[in-house]
Amino acid sequence: MSNEPLETLRRAGTPVDLLSESEREVFAALSPDEVSVLGSIQARLSAVSAAVEGQQADSNTNVVC
């Protein structure tokens with residue numbers, strides 16, 4: 001099992017360290033093409049996460065009790 005896919009995904013911001021050992025084994029066995037697809041998805045999710053997190057924060061400050 002190579003750790004290269006895990007390192008590549010980790011650098012892309014994928015939280016592979018939160019996975020179980022068996023899940024990490026699956027990710028570690030991914031092909032370079034599969035790692036590339038996951039990295040691309042992670043990059044797109046990261047790009048929009050600030051907007052989503054901002055909306056969540058805004059909705060919390062506008063709550064009327």
# chains A, B, ... in the order shown; residues from 1 in each chain; ligands from 1
>>> residues_around(residues="range 20-27 of chain A", least_positions_apart="3", cutoff="8 Å", atoms="only C-alpha atoms", output="list in words")
Met1, Pro5, Leu6, Val16, Asp17 and Leu30 of chain A
>>> residues_around(residues="Glu4 in chain A", least_positions_apart="5", cutoff="10 Å", atoms="only C-alpha atoms", output="list in words")
Leu9, Arg10, Phe27, Ala28, Ala29, Leu30, Pro32 and Val35 of chain A
>>> write_last_selection(atoms="N, CA, C and O atoms", output="JSON list (two decimals), in the first residue's frame")
[["chain", "number", "residue", "atom", "x", "y", "z"],
["A", 9, "LEU", "N", -3.85, 13.69, -1.56],
["A", 9, "LEU", "CA", -5.19, 14.12, -1.13],
["A", 9, "LEU", "C", -5.10, 15.04, 0.09],
["A", 9, "LEU", "O", -5.83, 16.02, 0.19],
["A", 10, "ARG", "N", -4.20, 14.74, 1.00],
["A", 10, "ARG", "CA", -4.01, 15.59, 2.19],
["A", 10, "ARG", "C", -3.60, 17.00, 1.77],
["A", 10, "ARG", "O", -4.12, 17.99, 2.28],
["A", 27, "PHE", "N", -8.39, 4.51, 0.14],
["A", 27, "PHE", "CA", -7.89, 5.72, -0.49],
["A", 27, "PHE", "C", -6.44, 5.56, -0.93],
["A", 27, "PHE", "O", -6.04, 6.07, -1.97],
["A", 28, "ALA", "N", -5.64, 4.84, -0.14],
["A", 28, "ALA", "CA", -4.23, 4.64, -0.48],
["A", 28, "ALA", "C", -4.06, 3.78, -1.73],
["A", 28, "ALA", "O", -3.03, 3.86, -2.40],
["A", 29, "ALA", "N", -5.07, 2.99, -2.07],
["A", 29, "ALA", "CA", -4.99, 2.12, -3.23],
["A", 29, "ALA", "C", -5.58, 2.76, -4.50],
["A", 29, "ALA", "O", -5.65, 2.10, -5.54],
["A", 30, "LEU", "N", -5.97, 4.02, -4.42],
["A", 30, "LEU", "CA", -6.55, 4.68, -5.59],
["A", 30, "LEU", "C", -5.51, 4.87, -6.69],
["A", 30, "LEU", "O", -4.34, 5.09, -6.42],
["A", 32, "PRO", "N", -3.81, 6.98, -9.88],
["A", 32, "PRO", "CA", -3.55, 8.41, -10.07],
["A", 32, "PRO", "C", -4.74, 9.17, -10.65],
["A", 32, "PRO", "O", -5.00, 10.31, -10.26],
["A", 35, "VAL", "N", -7.27, 9.71, -7.85],
["A", 35, "VAL", "CA", -6.78, 10.75, -6.94],
["A", 35, "VAL", "C", -6.99, 12.13, -7.57],
["A", 35, "VAL", "O", -7.40, 13.08, -6.90]]
>>> residues_around(residues="Ala43 in chain A", least_positions_apart="4", cutoff="10 Å", atoms="only C-alpha atoms", output="ChimeraX atom specification")
/A:12-14,37-39,47-49
